[in-house]
Amino acid sequence: MAFRKALKRTAIIGGGAVAAAIGLSQVVEYKRTQARIAHVQAEADLKIPFAGEFPSRQAQLAALKNTEEFDVLVVGGGATGAGCALDAVTRNLKTALVERSDFSSGTSSRSTKLIHGGVRYLQKAIMQLDYEQYMMVKEALHERANLLEIAPHLSAPLAIMLPVYKWWQLPYYWAGIKMYDLVAGIQCLKSSYVLSKAKALEHFPMLKKDKLVGAIVYYDGQHNDARMNLAIALSAARYGAAVANYTEVVHLLKTNDPQTGKERVCGARCRDVVTGEEFDVKAKCVINATGPFTDSLRKMDNQKTTNICQPSAGVHIVIPGYYSPDNMGLLDPATSDGRVIFFLPWQKMTIAGTTDTPTSVTAHPIPGEDDINFILREVRNYLSPDVEVRRGDVLAAWSGIRPLVTDPNSKDTQSICRNHIVSVSDSGLVTIAGGKWTTYRSMAEETLDAAIKAHELKAEPCKTVGLMLEGAKGWTPTLYIRLVQDYGLENEVAQHLASTYGAKAFDVAKMALVTGQRWPIVGKRLVSEFPYIEGEVLYAIKEYACTAIDVIARRTRLGFLNVQAADEALPRIVQIMGKELGWSQEQRTAELEAAKKFLYQEMGYRSRSEQLTRTTEINLDYQEVVRYKKRFHKFDKECKGFITTVDVQQVLESINVHIDENALHEILNEVDLNKNGQIEIDEFLQLMSAVKKGQVSDSRLAILMKSAEETLDMRGPVTVDRSGGGV
């Protein structure tokens, strides 16, 4: 009954009634006006101690060490932890935040990149008449609207298509999606609509045509998750919070309460991971916002406490952008095992995921080959047979650990909590666990409310609704044009900087190096096919990047988009950081190796490279073997049975193609299975067999040798007729 009343109330107050009364355009304007009012109210009374450059990491550490006592110490630098720090500092509480790795190094950077209310949760709410799930969706839709408003450079609405292959499903799904719009009310991004089969294929030409009856399109938000997390943390620093990455909690500090005689948490013993130095950080309240590691900190407080976190691994893959339209995603509502799969354009690539598998807690989750192949199979089910979905097209893959939780205050401690939980231990440790990316702000608000009440802190009301994040103030959709005109940046690079840094893009542009070319004037790229520039590495250090991994994974997103391109960019990134941070040669080597290991294990490079390694059988017919041997012998002119970089270099020079020796060595190393510095004929045939199977799709050596062969064949034998050399 309560659920039906809530739905009725939403219908009366929500978007449908308002739209009918004052018109859709007025609804949109009303929504924007309300957002602007909220923004003005949020920022009106706030002081900004660091309006210019941020304090250095050393200065932040000094603040942690030298401050007599903070009001709040937040442990964890993910979205929720950063959100708690921003909420606390804007309530005029003396705030500190420590993160043992980098900001957003865990789950917060490994999401589906959606800002959404949860269509499937609404379906469950309606089918099961579950008021709690309904309110969870309503809250998430409110937070979706707020997040799109406070960080417009990092987020945007995204159209998502739900293809329908049975006639009876069309009205069923349409009713559910329309209810989604209705629950959003005036915060509905754009109204959903139905497409005919022809229109659906026009919008999404890669879609499978057979038995398609139509499609429904609805809107959710999409964002750059790691950069969004960083913007929240930087905003907290901007307002005066002492924030430090690579600072881990060794143990909690406790003192006896003179009134009750009980032990109370009063801070934490911390260690600078970079230098190894340990120091105490005193605080009236400690907030545990460590995501999958929630129980680790809870056991520091009380060894006997029961675990509440039940981690689940979600794998995503990245495939080339041509697999999806630029401005529309796809939702598979019922996969072969009942899971939901999203298929979304992101950063000019395509993301597909996610899986949902029980796992153990680890700081370095690895994407499994079974999960990667599951996602590929599901993608094939929805794409046209004309589109060959190949294993070799997977450019990157990652696994994120979702911290599902059980409520410690519930009688049924085995049941998974659908939402987040906030708890306060007997010693005063405040824990926030569970939840989702979209609702980080409301979770932080609820956590601070609980902390203020439990510790009797003197604080102002929450001010984070409408509070613009780092880079948002001053951003406009046309800001990139000024970057092109004022600095001489490439159009693609300028658009990337504007959508990554917002109004702070000008600060990045000032650090961009001169190219020495007529155009672009500034902005040397790290790799040719991506718009990331060398100046971003220097700016990343100002954003507290300490390692090369921080740059390729979270300051830029190169490691998440293409592991091979990231690997190619690493030497230059390490060189720039080494010079700026004063790294020794040993440190530079260690950084390079650590970053390569990260790409190999956590970003799917291992799975990618093993596609060739595992190809023990050469699955080629006789004609193909003859053709590929002929191609190989154009490089192996002495019939040694192997080729080296020297052989390839000689052939390329004969057709006026010049490749850097180091780059050529890397190209051959991708195929050199036994790592002896040469490519044997069997290794080459294994490569071509893997290409044929689709296990390897963009081998640079295969493409290079094919192009060289075609150029040589076009030339043919050189004739001396009429050459000017005879008499």
# chains A, B, ... in the order shown; residues from 1 in each chain; ligands from 1
>>> select_by_dssp(residues="stretch 110-303 of chain A", states="strand (DSSP E)", output="number ranges by chain")
A: 114-115, 155-164, 193-196, 214-223, 242-244, 247-256, 263-272, 278-288
>>> atom_distance(atom1="atom CA of A:Leu331", atom2="atom CA of A:Pro163")
7.7 Å
>>> closest_residue(among="A:His116, A:Arg700, A:His251, A:Lys262", to="A:Tyr218", atoms="only C-alpha atoms")
A:His116
>>> closest_residue(among="A:Val648, A:Met688, A:Ile655, A:Ala215", to="A:Trp167", atoms="only C-alpha atoms")
A:Ala215
>>> atom_distance(atom1="atom CA of A:Thr350", atom2="atom CA of A:Trp398")
13.7 Å
>>> closest_atom_pairs(of="stretch 195-290 of chain A", to="stretch 529-541 of chain A", cutoff="12 Å", atoms="only C-alpha atoms", output="tab-separated table")
residue	atom	partner	partner_atom	distance
A:Arg227	CA	A:Ala540	CA	11.2
A:Leu230	CA	A:Ala540	CA	10.8
A:Leu234	CA	A:Ala540	CA	11.9
>>> write_last_selection(atoms="N, CA, C and O atoms", output="PDB file, in the first residue's frame")
ATOM      1  N   ARG A 227      38.494  10.496 -13.172  1.00  0.00           N
ATOM      2  CA  ARG A 227      38.660  11.947 -13.152  1.00  0.00           C
ATOM      3  C   ARG A 227      37.593  12.595 -12.263  1.00  0.00           C
ATOM      4  O   ARG A 227      37.859  13.603 -11.607  1.00  0.00           O
ATOM      5  N   LEU A 230      38.751  12.137  -8.748  1.00  0.00           N
ATOM      6  CA  LEU A 230      39.856  13.063  -8.505  1.00  0.00           C
ATOM      7  C   LEU A 230      39.338  14.487  -8.317  1.00  0.00           C
ATOM      8  O   LEU A 230      39.822  15.226  -7.441  1.00  0.00           O
ATOM      9  N   LEU A 234      40.143  16.762  -5.165  1.00  0.00           N
ATOM     10  CA  LEU A 234      40.807  18.059  -5.367  1.00  0.00           C
ATOM     11  C   LEU A 234      39.937  19.203  -4.858  1.00  0.00           C
ATOM     12  O   LEU A 234      40.453  20.192  -4.335  1.00  0.00           O
TER      13      LEU A 234
END
>>> residues_around(residues="A:Lys348", least_positions_apart="6", cutoff="12 Å", atoms="only C-alpha atoms", output="PDB file with C-alpha atoms, in the first residue's frame")
ATOM      1  CA  VAL A 318      37.218  -2.215 -24.150  1.00  0.00           C
ATOM      2  CA  ILE A 319      36.892  -2.837 -27.878  1.00  0.00           C
ATOM      3  CA  PRO A 320      37.278  -0.439 -30.845  1.00  0.00           C
ATOM      4  CA  GLY A 321      34.829   2.420 -31.244  1.00  0.00           C
ATOM      5  CA  TYR A 322      33.412   1.076 -34.496  1.00  0.00           C
ATOM      6  CA  TYR A 323      31.456  -1.532 -32.512  1.00  0.00           C
ATOM      7  CA  SER A 324      28.953   1.109 -31.338  1.00  0.00           C
ATOM      8  CA  PRO A 325      27.570   4.475 -32.482  1.00  0.00           C
ATOM      9  CA  ASP A 326      29.274   7.552 -31.021  1.00  0.00           C
ATOM     10  CA  ASN A 327      26.218   8.719 -29.077  1.00  0.00           C
ATOM     11  CA  MET A 328      24.194   5.637 -28.163  1.00  0.00           C
ATOM     12  CA  GLU A 492      40.923  16.894 -30.895  1.00  0.00           C
ATOM     13  CA  HIS A 496      39.957  16.329 -24.764  1.00  0.00           C
ATOM     14  CA  GLU A 529      46.346   7.924 -31.978  1.00  0.00           C
ATOM     15  CA  PHE A 530      45.219   9.407 -28.637  1.00  0.00           C
ATOM     16  CA  PRO A 531      44.835  13.094 -27.680  1.00  0.00           C
ATOM     17  CA  ARG A 557      42.770   6.981 -19.086  1.00  0.00           C
ATOM     18  CA  LEU A 558      45.192   5.532 -21.622  1.00  0.00           C
ATOM     19  CA  LEU A 561      41.552   2.380 -23.357  1.00  0.00           C
ATOM     20  CA  ASN A 562      44.466   0.598 -25.018  1.00  0.00           C
TER      21      ASN A 562
END
>>> residues_around(residues="A:Val137", least_positions_apart="2", cutoff="9 Å", atoms="only C-alpha atoms", output="VMD selection string")
chain A and resid 116 to 119 121 to 122 125 132 to 135 139 to 142 180 183 to 184
>>> residues_around(residues="A:Phe342", least_positions_apart="3", cutoff="9 Å", atoms="only C-alpha atoms", output="JSON list (two decimals) with N, CA and C atoms, in the first residue's frame")
[["chain", "number", "residue", "atom", "x", "y", "z"],
["A", 112, "THR", "N", 31.30, 0.92, -14.70],
["A", 112, "THR", "CA", 30.74, 0.89, -16.05],
["A", 112, "THR", "C", 30.68, 2.29, -16.64],
["A", 160, "ILE", "N", 20.54, 5.26, -24.34],
["A", 160, "ILE", "CA", 20.78, 3.82, -24.25],
["A", 160, "ILE", "C", 19.60, 3.09, -24.88],
["A", 329, "GLY", "N", 24.32, 3.90, -26.48],
["A", 329, "GLY", "CA", 24.72, 2.62, -25.93],
["A", 329, "GLY", "C", 23.63, 1.58, -26.10],
["A", 330, "LEU", "N", 23.89, 0.41, -25.58],
["A", 330, "LEU", "CA", 22.97, -0.71, -25.70],
["A", 330, "LEU", "C", 22.86, -1.41, -24.36],
["A", 331, "LEU", "N", 21.64, -1.82, -24.00],
["A", 331, "LEU", "CA", 21.41, -2.57, -22.77],
["A", 331, "LEU", "C", 20.85, -3.94, -23.12],
["A", 332, "ASP", "N", 21.53, -4.98, -22.65],
["A", 332, "ASP", "CA", 21.02, -6.35, -22.76],
["A", 332, "ASP", "C", 20.41, -6.69, -21.40],
["A", 333, "PRO", "N", 19.07, -6.66, -21.28],
["A", 333, "PRO", "CA", 18.45, -6.81, -19.96],
["A", 333, "PRO", "C", 18.44, -8.23, -19.42],
["A", 351, "ILE", "N", 32.85, 0.25, -24.41],
["A", 351, "ILE", "CA", 32.96, -0.55, -23.18],
["A", 351, "ILE", "C", 31.85, -1.59, -23.18],
["A", 352, "ALA", "N", 32.18, -2.80, -22.79],
["A", 352, "ALA", "CA", 31.17, -3.84, -22.61],
["A", 352, "ALA", "C", 31.36, -4.49, -21.24],
["A", 353, "GLY", "N", 30.30, -4.65, -20.51],
["A", 353, "GLY", "CA", 30.37, -5.28, -19.20],
["A", 353, "GLY", "C", 29.07, -5.05, -18.46],
["A", 354, "THR", "N", 28.84, -5.65, -17.33],
["A", 354, "THR", "CA", 29.87, -6.22, -16.50],
["A", 354, "THR", "C", 29.45, -7.61, -16.06]]
>>> atom_distance(atom1="atom CA of A:Val213", atom2="atom CA of A:Val340")
20.5 Å
>>> closest_atom_pairs(of="stretch 315-383 of chain A", to="stretch 291-308 of chain A", cutoff="12 Å", atoms="only C-alpha atoms", output="tab-separated table")
residue	atom	partner	partner_atom	distance
A:Thr359	CA	A:Pro292	CA	10.6
A:Ser360	CA	A:Pro292	CA	9.3
A:Val361	CA	A:Pro292	CA	6.4
A:Thr362	CA	A:Pro292	CA	8.3
A:Ala363	CA	A:Phe293	CA	8.8
A:His364	CA	A:Pro292	CA	11.8
A:Pro365	CA	A:Pro292	CA	11.4
>>> residues_around(residues="A:Gly78", least_positions_apart="6", cutoff="6 Å", atoms="only C-alpha atoms", output="PyMOL selection string")
chain A and resi 103-104+108
>>> closest_residue(among="A:Val563, A:Val484, A:Ala237, A:Ala82", to="A:Ser56", atoms="only C-alpha atoms")
A:Ala237
>>> select_by_dssp(residues="stretch 394-624 of chain A", states="alpha helix (DSSP H)", output="ChimeraX atom specification")
/A:440-455,479-487,491-501,505-510,534-542,548-550,558-561,563-581,585-602,605-613,622-624
>>> residues_around(residues="A:Ser196", least_positions_apart="6", cutoff="10 Å", atoms="only C-alpha atoms", output="list in words")
Val164, Glu202, Leu212, Val213, Gly214, Ala215 and Ile216 of chain A
>>> decode(residues="stretch 514-526 of chain A", atoms="all heavy atoms", output="tab-separated table (two decimals), in the first residue's frame")
chain	number	residue	atom	x	y	z
A	514	VAL	N	56.12	23.04	-27.00
A	514	VAL	CA	56.08	23.46	-28.40
A	514	VAL	C	56.44	22.27	-29.29
A	514	VAL	O	57.39	21.54	-29.01
A	514	VAL	CB	57.05	24.64	-28.65
A	514	VAL	CG1	57.09	25.01	-30.13
A	514	VAL	CG2	56.65	25.85	-27.81
A	515	THR	N	55.69	22.08	-30.37
A	515	THR	CA	55.91	20.92	-31.24
A	515	THR	C	57.03	21.14	-32.25
A	515	THR	O	57.61	20.18	-32.75
A	515	THR	CB	54.63	20.58	-32.02
A	515	THR	OG1	54.29	21.69	-32.87
A	515	THR	CG2	53.47	20.30	-31.07
A	516	GLY	N	57.30	22.41	-32.58
A	516	GLY	CA	58.30	22.68	-33.61
A	516	GLY	C	57.73	22.56	-35.01
A	516	GLY	O	58.46	22.67	-36.00
A	517	GLN	N	56.43	22.34	-35.11
A	517	GLN	CA	55.75	22.21	-36.41
A	517	GLN	C	54.93	23.47	-36.68
A	517	GLN	O	54.68	24.28	-35.79
A	517	GLN	CB	54.84	20.99	-36.41
A	517	GLN	CG	55.56	19.67	-36.12
A	517	GLN	CD	54.59	18.51	-35.95
A	517	GLN	OE1	53.39	18.71	-35.83
A	517	GLN	NE2	55.12	17.29	-35.93
A	518	ARG	N	54.48	23.58	-37.94
A	518	ARG	CA	53.62	24.71	-38.28
A	518	ARG	C	52.29	24.60	-37.53
A	518	ARG	O	51.76	25.58	-37.05
A	518	ARG	CB	53.38	24.74	-39.79
A	518	ARG	CG	52.55	25.94	-40.27
A	518	ARG	CD	52.29	25.88	-41.75
A	518	ARG	NE	51.50	24.72	-42.12
A	518	ARG	CZ	50.16	24.66	-41.99
A	518	ARG	NH1	49.50	25.69	-41.49
A	518	ARG	NH2	49.51	23.58	-42.36
A	519	TRP	N	51.78	23.37	-37.45
A	519	TRP	CA	50.53	23.11	-36.71
A	519	TRP	C	50.51	21.66	-36.27
A	519	TRP	O	50.88	20.79	-37.06
A	519	TRP	CB	49.31	23.41	-37.60
A	519	TRP	CG	48.04	23.37	-36.81
A	519	TRP	CD1	47.17	22.32	-36.71
A	519	TRP	CD2	47.51	24.40	-35.99
A	519	TRP	NE1	46.14	22.63	-35.87
A	519	TRP	CE2	46.31	23.91	-35.41
A	519	TRP	CE3	47.94	25.69	-35.66
A	519	TRP	CZ2	45.54	24.67	-34.55
A	519	TRP	CZ3	47.16	26.44	-34.81
A	519	TRP	CH2	45.97	25.93	-34.26
A	520	PRO	N	50.12	21.39	-35.06
A	520	PRO	CA	49.78	22.32	-33.98
A	520	PRO	C	51.02	23.01	-33.42
A	520	PRO	O	52.13	22.47	-33.50
A	520	PRO	CB	49.13	21.41	-32.94
A	520	PRO	CG	49.80	20.08	-33.14
A	520	PRO	CD	50.01	19.96	-34.61
A	521	ILE	N	50.82	24.17	-32.85
A	521	ILE	CA	51.96	24.94	-32.32
A	521	ILE	C	52.46	24.31	-31.02
A	521	ILE	O	53.67	24.17	-30.82
A	521	ILE	CB	51.54	26.41	-32.09
A	521	ILE	CG1	51.13	27.04	-33.43
A	521	ILE	CG2	52.68	27.21	-31.46
A	521	ILE	CD1	50.49	28.41	-33.30
A	522	VAL	N	51.53	23.93	-30.15
A	522	VAL	CA	51.91	23.27	-28.89
A	522	VAL	C	51.10	21.99	-28.74
A	522	VAL	O	50.09	21.78	-29.40
A	522	VAL	CB	51.68	24.18	-27.66
A	522	VAL	CG1	52.48	25.45	-27.76
A	522	VAL	CG2	50.19	24.49	-27.48
A	523	GLY	N	51.56	21.13	-27.86
A	523	GLY	CA	50.82	19.91	-27.55
A	523	GLY	C	51.39	18.68	-28.20
A	523	GLY	O	50.77	18.10	-29.10
A	524	LYS	N	52.56	18.23	-27.74
A	524	LYS	CA	53.16	17.00	-28.26
A	524	LYS	C	52.43	15.80	-27.65
A	524	LYS	O	52.33	15.67	-26.44
A	524	LYS	CB	54.65	16.94	-27.92
A	524	LYS	CG	55.48	18.02	-28.62
A	524	LYS	CD	56.94	17.92	-28.26
A	524	LYS	CE	57.60	16.73	-28.91
A	524	LYS	NZ	59.06	16.72	-28.70
A	525	ARG	N	51.94	14.92	-28.50
A	525	ARG	CA	51.18	13.77	-28.04
A	525	ARG	C	52.10	12.71	-27.44
A	525	ARG	O	53.24	12.54	-27.88
A	525	ARG	CB	50.38	13.15	-29.19
A	525	ARG	CG	49.29	14.06	-29.75
A	525	ARG	CD	48.38	13.28	-30.67
A	525	ARG	NE	47.33	14.11	-31.24
A	525	ARG	CZ	46.13	13.66	-31.60
A	525	ARG	NH1	45.82	12.38	-31.44
A	525	ARG	NH2	45.22	14.46	-32.11
A	526	LEU	N	51.54	11.97	-26.47
A	526	LEU	CA	52.28	10.85	-25.90
A	526	LEU	C	52.28	9.67	-26.85
A	526	LEU	O	53.27	8.95	-26.98
A	526	LEU	CB	51.65	10.44	-24.56
A	526	LEU	CG	51.87	11.41	-23.39
A	526	LEU	CD1	50.95	11.08	-22.23
A	526	LEU	CD2	53.33	11.38	-22.94
